[in-house]
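Participant: This is the content of work-v7.cif (mmCIF, C-alpha atoms):
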data_start
#
loop_
_atom_site.label_atom_id
_atom_site.label_comp_id
_atom_site.auth_asym_id
_atom_site.auth_seq_id
_atom_site.Cartn_x
_atom_site.Cartn_y
_atom_site.Cartn_z
CA MET T 1406 110.11 99.17 111.81
CA ILE T 1407 110.13 95.85 109.93
CA LYS T 1408 112.99 93.61 111.03
CA ILE T 1409 114.39 91.21 108.44
CA ALA T 1410 116.93 88.44 109.05
CA VAL T 1411 119.23 87.62 106.14
CA ASP T 1412 121.13 84.36 105.72
CA ALA T 1413 124.21 86.00 104.24
CA MET T 1414 126.15 82.76 103.69
CA GLY T 1415 123.62 80.80 101.64
CA GLY T 1416 123.70 80.91 97.84
CA ASP T 1417 126.00 80.42 94.88
CA PHE T 1418 127.53 83.89 95.18
CA ALA T 1419 127.27 84.47 98.91
CA PRO T 1420 127.96 86.68 100.71
CA LYS T 1421 128.89 89.24 98.03
CA GLU T 1422 125.57 89.45 96.20
CA GLN T 1423 123.50 89.10 99.36
CA ILE T 1424 125.23 92.03 101.03
CA ALA T 1425 124.97 94.18 97.91
CA GLY T 1426 121.25 93.41 97.79
CA VAL T 1427 120.91 94.34 101.44
CA TYR T 1428 122.47 97.77 100.89
CA GLN T 1429 120.12 98.30 97.96
CA ALA T 1430 117.13 97.44 100.13
CA LEU T 1431 118.24 99.76 102.93
CA LYS T 1432 118.60 102.58 100.43
CA VAL T 1433 115.14 102.09 98.92
CA HIS T 1434 113.13 101.27 102.07
CA ASP T 1435 113.50 103.41 105.17
CA ASP T 1436 111.13 101.28 107.27
CA ILE T 1437 113.30 98.16 107.49
CA GLU T 1438 116.12 96.96 109.71
CA ILE T 1439 118.29 94.11 108.45
CA THR T 1440 120.47 91.69 110.38
CA LEU T 1441 123.12 89.73 108.49
CA PHE T 1442 123.71 86.23 109.86
CA GLY T 1443 127.15 84.99 108.81
CA GLU T 1444 130.86 84.82 109.42
CA GLU T 1445 132.11 88.38 109.84
CA ALA T 1446 135.60 87.62 108.50
CA VAL T 1447 134.06 86.42 105.24
CA MET T 1448 131.51 89.23 105.02
CA ARG T 1449 133.82 92.09 105.97
CA PRO T 1450 135.31 92.71 102.46
CA TYR T 1451 131.81 93.42 101.14
CA LEU T 1452 130.65 95.68 103.96
CA LYS T 1453 131.34 98.94 102.22
CA GLU T 1454 129.89 101.18 104.92
CA ASP T 1455 128.37 101.18 108.37
CA HIS T 1456 124.63 101.68 108.39
CA PRO T 1457 122.42 102.52 111.38
CA ARG T 1458 119.80 99.96 110.27
CA LEU T 1459 122.24 97.13 109.54
CA LYS T 1460 123.44 94.66 112.17
CA LEU T 1461 125.69 91.59 112.12
CA ILE T 1462 125.35 88.37 114.09
CA GLU T 1463 128.29 85.99 114.03
CA THR T 1464 127.54 82.41 113.03
CA GLU T 1465 129.55 79.21 112.62
CA GLY T 1466 129.49 77.08 109.49
CA VAL T 1467 127.55 77.04 106.26
CA ILE T 1468 125.11 74.44 104.97
CA PRO T 1469 126.34 73.70 101.42
CA MET T 1470 124.12 74.11 98.36
CA GLY T 1471 124.39 70.43 97.47
CA GLU T 1472 123.60 69.09 100.93
CA LYS T 1473 122.29 65.52 100.61
CA ASP T 1474 121.04 65.20 104.21
CA PRO T 1475 119.17 68.48 104.82
CA ILE T 1476 117.51 67.39 108.06
CA GLY T 1477 120.76 66.10 109.51
CA ALA T 1478 122.60 69.24 108.38
CA ILE T 1479 120.13 71.52 110.18
CA ARG T 1480 120.15 69.47 113.37
CA SER T 1481 123.95 69.24 113.52
CA ASN T 1482 124.59 72.85 112.49
CA ARG T 1483 122.37 74.88 114.80
CA LYS T 1484 124.91 77.75 114.75
CA SER T 1485 124.98 77.98 110.96
CA SER T 1486 123.79 81.19 109.31
CA MET T 1487 120.63 79.53 108.00
CA ALA T 1488 119.64 77.91 111.29
CA MET T 1489 120.27 81.02 113.37
CA ALA T 1490 118.37 83.26 110.97
CA LEU T 1491 115.39 80.89 111.09
CA LYS T 1492 115.59 80.76 114.89
CA SER T 1493 115.39 84.55 115.11
CA VAL T 1494 111.99 84.44 113.37
CA LYS T 1495 110.81 81.63 115.63
CA GLU T 1496 111.78 83.74 118.63
CA LYS T 1497 110.03 86.79 117.14
CA THR T 1498 113.16 88.96 117.21
CA HIS T 1499 112.74 89.32 113.45
CA ASP T 1500 109.60 89.56 111.34
CA ALA T 1501 110.92 87.66 108.33
CA VAL T 1502 113.91 85.74 107.03
CA VAL T 1503 115.37 85.79 103.52
CA SER T 1504 117.77 83.13 102.28
CA SER T 1505 119.09 81.87 98.95
CA GLY T 1506 120.61 78.81 100.58
CA ALA T 1507 120.03 75.15 99.74
CA THR T 1508 116.30 74.70 99.14
CA GLN T 1509 115.74 71.35 100.84
CA ALA T 1510 117.85 72.36 103.85
CA LEU T 1511 115.90 75.60 104.13
CA ILE T 1512 112.57 73.77 103.95
CA ALA T 1513 113.74 71.21 106.50
CA GLY T 1514 115.07 73.94 108.78
CA ALA T 1515 111.86 75.91 108.52
CA HIS T 1516 109.84 72.85 109.56
CA ILE T 1517 112.14 71.98 112.45
CA ILE T 1518 112.82 75.48 113.77
CA ILE T 1519 109.88 77.71 112.80
CA GLY T 1520 107.21 75.07 112.43
CA ARG T 1521 104.04 74.95 110.36
CA MET T 1522 101.00 77.11 110.82
CA GLN T 1523 98.26 75.30 112.70
CA GLY T 1524 96.07 73.36 110.31
CA ILE T 1525 98.66 73.20 107.51
CA LYS T 1526 100.02 69.71 106.67
CA ARG T 1527 102.63 70.58 104.01
CA THR T 1528 104.51 73.74 103.22
CA ALA T 1529 105.14 74.82 99.63
CA ILE T 1530 107.37 77.17 97.65
CA ALA T 1531 105.18 79.65 95.81
CA PRO T 1532 106.80 82.34 93.64
CA VAL T 1533 104.71 85.05 92.03
CA LEU T 1534 105.70 85.14 88.36
CA PRO T 1535 105.12 87.70 85.61
CA THR T 1536 103.02 86.86 82.56
CA VAL T 1537 104.27 87.47 79.02
CA VAL T 1538 101.48 89.91 78.33
CA LYS T 1539 101.16 92.89 80.61
CA GLY T 1540 98.69 92.26 83.38
CA SER T 1541 98.32 90.47 86.68
CA PRO T 1542 101.08 88.05 87.77
CA PHE T 1543 100.36 84.44 88.64
CA ILE T 1544 101.30 82.16 91.52
CA LEU T 1545 103.23 78.97 90.78
CA ILE T 1546 102.87 76.34 93.48
CA ASP T 1547 104.79 74.17 94.45
CA SER T 1548 108.09 75.05 92.81
CA GLY T 1549 110.34 72.67 94.71
CA GLY T 1550 109.25 72.12 98.31
CA ASN T 1551 107.63 68.70 97.88
CA ILE T 1552 109.07 66.41 95.21
CA GLU T 1553 106.51 63.79 96.17
CA ILE T 1554 103.12 64.74 97.58
CA LYS T 1555 99.54 63.57 98.08
CA ALA T 1556 96.58 65.11 96.30
CA GLU T 1557 94.97 66.18 99.58
CA PHE T 1558 98.02 68.27 100.46
CA MET T 1559 98.03 69.90 97.01
CA VAL T 1560 94.43 70.96 97.62
CA GLN T 1561 95.41 72.59 100.90
CA GLN T 1562 98.21 74.46 99.15
CA ALA T 1563 95.77 75.63 96.50
CA TYR T 1564 93.49 76.93 99.24
CA PHE T 1565 96.39 78.84 100.84
CA ALA T 1566 97.25 80.31 97.44
CA THR T 1567 93.61 81.25 96.88
CA VAL T 1568 93.57 83.19 100.14
CA TYR T 1569 96.91 84.84 99.30
CA ALA T 1570 95.76 85.85 95.82
CA ARG T 1571 92.49 87.28 97.10
CA GLU T 1572 93.82 89.07 100.18
CA VAL T 1573 97.24 90.21 98.92
CA LEU T 1574 97.13 90.35 95.13
CA GLY T 1575 93.60 91.72 95.17
CA VAL T 1576 92.14 89.11 92.81
CA LYS T 1577 88.41 88.90 93.54
CA ASP T 1578 87.88 85.34 92.34
CA PRO T 1579 91.24 83.62 91.84
CA GLN T 1580 91.06 80.42 89.85
CA VAL T 1581 93.32 77.40 90.20
CA GLY T 1582 94.72 75.59 87.18
CA LEU T 1583 96.39 72.18 87.41
CA ILE T 1584 99.50 71.84 85.22
CA ASN T 1585 98.98 68.78 83.05
CA ILE T 1586 99.81 67.18 79.70
CA GLY T 1587 96.35 67.91 78.33
CA THR T 1588 93.27 69.94 79.13
CA GLU T 1589 90.84 67.02 79.05
CA GLU T 1590 89.53 65.54 82.30
CA GLY T 1591 91.25 62.31 83.30
CA LYS T 1592 94.63 63.29 81.87
CA GLY T 1593 97.94 62.76 83.65
CA ARG T 1594 99.24 60.59 86.44
CA THR T 1595 97.18 59.14 89.25
CA LEU T 1596 98.26 62.11 91.38
CA ASP T 1597 96.96 64.60 88.81
CA ILE T 1598 93.63 62.79 88.40
CA GLU T 1599 93.10 62.61 92.16
CA ALA T 1600 94.10 66.25 92.64
CA ALA T 1601 91.74 67.41 89.90
CA GLU T 1602 88.82 65.56 91.46
CA ALA T 1603 89.57 66.94 94.92
CA LEU T 1604 90.06 70.50 93.67
CA LYS T 1605 86.79 70.36 91.77
CA ALA T 1606 84.96 69.19 94.88
CA HIS T 1607 86.43 71.79 97.27
CA PRO T 1608 83.80 74.50 98.02
CA ALA T 1609 86.36 77.25 98.71
CA ILE T 1610 88.43 76.71 95.55
CA SER T 1611 87.49 77.90 92.08
CA PHE T 1612 88.96 75.13 89.94
CA TYR T 1613 89.50 76.03 86.28
CA GLY T 1614 90.73 72.63 85.16
CA ASN T 1615 93.91 71.39 83.52
CA VAL T 1616 96.37 73.85 81.97
CA GLU T 1617 98.99 72.73 79.45
CA PRO T 1618 102.61 73.91 79.84
CA LYS T 1619 102.43 75.81 76.55
CA ASP T 1620 100.09 78.29 78.25
CA VAL T 1621 102.05 78.93 81.43
CA LEU T 1622 103.52 82.26 80.31
CA ASN T 1623 100.05 83.57 79.64
CA PRO T 1624 97.94 81.40 81.94
CA PRO T 1625 94.16 81.51 82.09
CA THR T 1626 94.29 81.33 85.90
CA THR T 1627 95.84 83.28 88.77
CA ILE T 1628 97.21 80.09 90.35
CA LEU T 1629 99.05 77.23 88.66
CA LEU T 1630 99.42 74.09 90.75
CA SER T 1631 101.56 70.96 90.52
CA ASP T 1632 103.95 68.84 92.56
CA GLY T 1633 107.35 70.29 93.44
CA PHE T 1634 109.25 68.29 90.81
CA THR T 1635 107.08 69.33 87.85
CA ALA T 1636 106.64 72.97 88.83
CA ASN T 1637 110.34 73.42 89.59
CA ILE T 1638 111.29 72.10 86.14
CA MET T 1639 108.73 74.41 84.58
CA MET T 1640 110.04 77.45 86.45
CA LYS T 1641 113.65 76.75 85.48
CA THR T 1642 112.59 76.19 81.87
CA ILE T 1643 111.02 79.65 81.87
CA GLU T 1644 114.24 81.14 83.24
CA GLY T 1645 116.42 79.39 80.67
CA SER T 1646 114.07 80.26 77.82
CA ALA T 1647 114.15 83.93 78.72
CA ARG T 1648 117.95 83.97 78.62
CA GLY T 1649 118.04 81.90 75.45
CA PHE T 1650 115.55 84.05 73.55
CA ALA T 1651 117.44 87.20 74.51
CA THR T 1652 120.72 85.68 73.26
CA ILE T 1653 119.18 84.53 69.97
CA LEU T 1654 117.66 87.94 69.32
CA LYS T 1655 120.96 89.66 70.05
CA GLU T 1656 122.88 87.29 67.76
CA GLU T 1657 120.42 87.67 64.89
CA LEU T 1658 120.37 91.43 65.20
CA SER T 1659 124.18 91.51 65.18
CA GLN T 1660 124.35 90.09 61.64
CA GLY T 1661 125.25 92.62 58.94
CA PHE T 1662 125.12 96.41 58.89
CA LEU T 1663 121.33 96.70 58.98
CA GLY T 1664 121.13 94.12 61.73
CA LYS T 1665 123.65 95.99 63.86
CA LEU T 1666 121.78 99.22 63.24
CA GLY T 1667 118.58 97.48 64.30
CA LEU T 1668 120.33 96.20 67.43
CA ILE T 1669 121.35 99.71 68.41
CA LEU T 1670 117.83 100.99 67.86
CA SER T 1671 116.23 98.12 69.78
CA ILE T 1672 118.54 97.87 72.80
CA LYS T 1673 115.93 99.46 75.04
CA ASN T 1674 113.28 97.01 73.85
CA LEU T 1675 115.59 94.02 74.29
CA LYS T 1676 116.35 95.06 77.86
CA ALA T 1677 112.63 95.42 78.56
CA PHE T 1678 112.02 91.97 77.06
CA LYS T 1679 114.72 90.41 79.21
CA LYS T 1680 113.46 92.16 82.33
CA ARG T 1681 109.88 90.97 81.88
CA LEU T 1682 110.98 87.31 82.02
CA SER T 1683 113.98 87.69 84.30
CA PRO T 1684 113.97 85.56 87.47
CA GLU T 1685 115.85 88.39 89.17
CA GLU T 1686 112.75 90.56 88.90
CA ILE T 1687 110.78 87.89 90.76
CA GLY T 1688 113.25 87.95 93.60
CA GLY T 1689 112.01 85.06 95.68
CA ALA T 1690 109.20 82.79 96.69
CA MET T 1691 107.17 82.83 99.86
CA ILE T 1692 107.12 79.50 101.68
CA TYR T 1693 103.45 78.83 102.32
CA GLY T 1694 102.24 77.22 105.49
CA LEU T 1695 104.89 78.29 108.00
CA ASP T 1696 104.25 80.00 111.32
CA GLY T 1697 106.54 82.81 110.22
CA VAL T 1698 107.54 84.68 107.07
CA LEU T 1699 110.23 83.02 104.96
CA VAL T 1700 111.21 84.10 101.47
CA LYS T 1701 113.42 81.75 99.47
CA ALA T 1702 115.60 83.67 97.00
CA GLN T 1703 117.10 81.82 94.07
CA GLY T 1704 120.42 80.15 94.73
CA SER T 1705 122.01 82.03 91.84
CA SER T 1706 120.60 85.41 92.89
CA ASN T 1707 122.60 88.49 92.03
CA ALA T 1708 122.33 91.68 94.09
CA ASN T 1709 119.16 92.86 92.36
CA GLY T 1710 117.51 89.47 92.67
CA PHE T 1711 118.29 89.30 96.39
CA TYR T 1712 117.04 92.86 96.86
CA ASN T 1713 113.75 91.86 95.28
CA ALA T 1714 113.48 88.95 97.71
CA ILE T 1715 113.93 91.36 100.61
CA ARG T 1716 111.38 93.69 99.04
CA GLN T 1717 108.91 90.84 98.85
CA ALA T 1718 109.50 89.85 102.49
CA ARG T 1719 108.93 93.44 103.54
CA LYS T 1720 105.63 93.58 101.65
CA ILE T 1721 104.41 90.29 103.15
CA VAL T 1722 105.06 91.58 106.66
CA ASP T 1723 103.70 95.05 105.96
CA GLN T 1724 100.43 93.62 104.62
CA ASP T 1725 100.16 91.05 107.44
CA VAL T 1726 99.77 88.20 104.99
CA LEU T 1727 100.08 85.47 107.62
CA GLY T 1728 97.56 87.18 109.86
CA LYS T 1729 95.00 87.35 107.05
CA VAL T 1730 95.56 83.76 105.99
CA ARG T 1731 95.47 82.51 109.58
CA THR T 1732 92.21 84.32 110.30
CA ILE T 1733 90.49 82.89 107.23
CA ILE T 1734 91.80 79.35 107.81
CA GLU T 1735 90.71 79.44 111.47
CA ALA T 1736 87.28 80.71 110.46
CA SER T 1737 86.99 77.90 107.93
CA THR T 1738 87.97 75.34 110.57
CA ASP T 1739 85.38 76.71 113.01
CA GLU T 1740 82.68 76.46 110.34
CA LYS T 1741 83.52 72.79 109.70
CA ALA T 1742 83.44 72.08 113.42
#
Please go through the file and, once you have read it, give me the structure as structure tokens.
Facilitator:
Amino acid sequence: MIKIAVDAMGGDFAPKEQIAGVYQALKVHDDIEITLFGEEAVMRPYLKEDHPRLKLIETEGVIPMGEKDPIGAIRSNRKSSMAMALKSVKEKTHDAVVSSGATQALIAGAHIIIGRMQGIKRTAIAPVLPTVVKGSPFILIDSGGNIEIKAEFMVQQAYFATVYAREVLGVKDPQVGLINIGTEEGKGRTLDIEAAEALKAHPAISFYGNVEPKDVLNPPTTILLSDGFTANIMMKTIEGSARGFATILKEELSQGFLGKLGLILSIKNLKAFKKRLSPEEIGGAMIYGLDGVLVKAQGSSNANGFYNAIRQARKIVDQDVLGKVRTIIEASTDEKA
């Protein structure tokens, strides 16, 4: 049985959407047990039924979404839902934790409480995103974990993503593309130039080269890499564009009799279009580099989005992602020694 800890109090719509997503996960997957970490008095109105595979652990306090001192918040709120959920993974009482709480607080808490995997210098948020055309998804790294970072750490993240893509997504030769303002060599900031040179020189990474933002919805590579600031903006632009395009299409098709008729006939297609670019279908992002499984769901997750984050955490544990990555990284370290 896979045991998943859920930070029920973190997120814009917590705990309502989190709990609804949990019930959905329990209904779909019969091999998981879920523990809700939160304040029972606040959660109780949304607990529609008792479930043999659902447990509650009482916590005290919530780390707010706009927390400006994430490290201080974690250290001074060790009984908060986020901190206690993370601690349960550190103590191995749960196999994974899912939270849609404040990103920087979650990253800080993960470092302080769970700790990094041996040999990893920086963690990273790495969602698996759908492409516009039907086909294999791609990994976006880092989508918000490190606003400022060194090129050498970006290379390590690319290596982690390469292992993940090969071992979990089944991509035989995953390539890494560096998000940049142009495809030519030497483009971008000093960070981008240094990262490109280091990626190109790394023997275990297949570096494609620079990839322009206009190609990110149909990328030529399995992995797209950038710093946390750039990649996070790109991810949120994709989300907003998907919603905006759907709204424009609906408005245009609502004009006149023939337009309304076309809208009725194309409702199924519009829903499919929206679903293919919906962040809720992504669910969450694995935090690379930790000594435990952590999936960061979006702060604005609805029930379906949070369910998908739980689904992803379950799959990561079931496929022993960390074990595979750890084995390969240790083997690589031994070879260098």
Participant: I'd like to see the residues matched by the PyMOL selection byres ((chain T and resi 1459) around 12) on this file, and ideally I'd get them as number ranges by chain.
Facilitator: T: 1408-1411, 1424, 1427-1432, 1435, 1437-1442, 1452-1458, 1460-1462
Participant: I need the chosen residues saved as a PDB file, in the coordinates of the input, with C-alpha atoms.
Facilitator:
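The new file selection.pdb reads:
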ATOM      1  CA  LYS T1408     112.990  93.610 111.030  1.00  0.00           C
ATOM      2  CA  ILE T1409     114.390  91.210 108.440  1.00  0.00           C
ATOM      3  CA  ALA T1410     116.930  88.440 109.050  1.00  0.00           C
ATOM      4  CA  VAL T1411     119.230  87.620 106.140  1.00  0.00           C
ATOM      5  CA  ILE T1424     125.230  92.030 101.030  1.00  0.00           C
ATOM      6  CA  VAL T1427     120.910  94.340 101.440  1.00  0.00           C
ATOM      7  CA  TYR T1428     122.470  97.770 100.890  1.00  0.00           C
ATOM      8  CA  GLN T1429     120.120  98.300  97.960  1.00  0.00           C
ATOM      9  CA  ALA T1430     117.130  97.440 100.130  1.00  0.00           C
ATOM     10  CA  LEU T1431     118.240  99.760 102.930  1.00  0.00           C
ATOM     11  CA  LYS T1432     118.600 102.580 100.430  1.00  0.00           C
ATOM     12  CA  ASP T1435     113.500 103.410 105.170  1.00  0.00           C
ATOM     13  CA  ILE T1437     113.300  98.160 107.490  1.00  0.00           C
ATOM     14  CA  GLU T1438     116.120  96.960 109.710  1.00  0.00           C
ATOM     15  CA  ILE T1439     118.290  94.110 108.450  1.00  0.00           C
ATOM     16  CA  THR T1440     120.470  91.690 110.380  1.00  0.00           C
ATOM     17  CA  LEU T1441     123.120  89.730 108.490  1.00  0.00           C
ATOM     18  CA  PHE T1442     123.710  86.230 109.860  1.00  0.00           C
ATOM     19  CA  LEU T1452     130.650  95.680 103.960  1.00  0.00           C
ATOM     20  CA  LYS T1453     131.340  98.940 102.220  1.00  0.00           C
ATOM     21  CA  GLU T1454     129.890 101.180 104.920  1.00  0.00           C
ATOM     22  CA  ASP T1455     128.370 101.180 108.370  1.00  0.00           C
ATOM     23  CA  HIS T1456     124.630 101.680 108.390  1.00  0.00           C
ATOM     24  CA  PRO T1457     122.420 102.520 111.380  1.00  0.00           C
ATOM     25  CA  ARG T1458     119.800  99.960 110.270  1.00  0.00           C
ATOM     26  CA  LYS T1460     123.440  94.660 112.170  1.00  0.00           C
ATOM     27  CA  LEU T1461     125.690  91.590 112.120  1.00  0.00           C
ATOM     28  CA  ILE T1462     125.350  88.370 114.090  1.00  0.00           C
TER      29      ILE T1462
END
Participant: At what distance in Å, to one decimal, does CA of Ala1690 (chain T) lie from CA of Val1533 (chain T)?
Facilitator: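 CA of Ala1690 (chain T) lies at a distance of 6.9 Å from CA of Val1533 (chain T).
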Participant: What is the distance between CA of Val1503 (chain T) and CA of Leu1699 (chain T), in Å to one decimal?
Facilitator: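 Spanning CA of Val1503 (chain T) to CA of Leu1699 (chain T) is a straight-line distance of 6.0 Å.
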Participant: I'd like the interatomic distance between CA of Arg1731 (chain T) and CA of Ala1529 (chain T), to a tenth of an Å.
Facilitator: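 Straight-line distance from CA of Arg1731 (chain T) to CA of Ala1529 (chain T) works out to 15.9 Å.
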Participant: With 10 Å as the threshold, what does the neighbourhood of (115.2, 71.9, 102.9) contain in terms of residues, counting all atoms listed in the file? Coordinates are those of the file; answer as a ChimeraX atom specification.
Facilitator: /T:1472-1476,1478-1479,1506-1516,1549-1551
Participant: Translate the PyMOL selection byres ((chain T and resi 1564-1581) around 6), as applied to the file shown, into an explicit residue set as a PyMOL selection string.
Facilitator: chain T and resi 1561-1563+1582+1611-1613+1626-1629
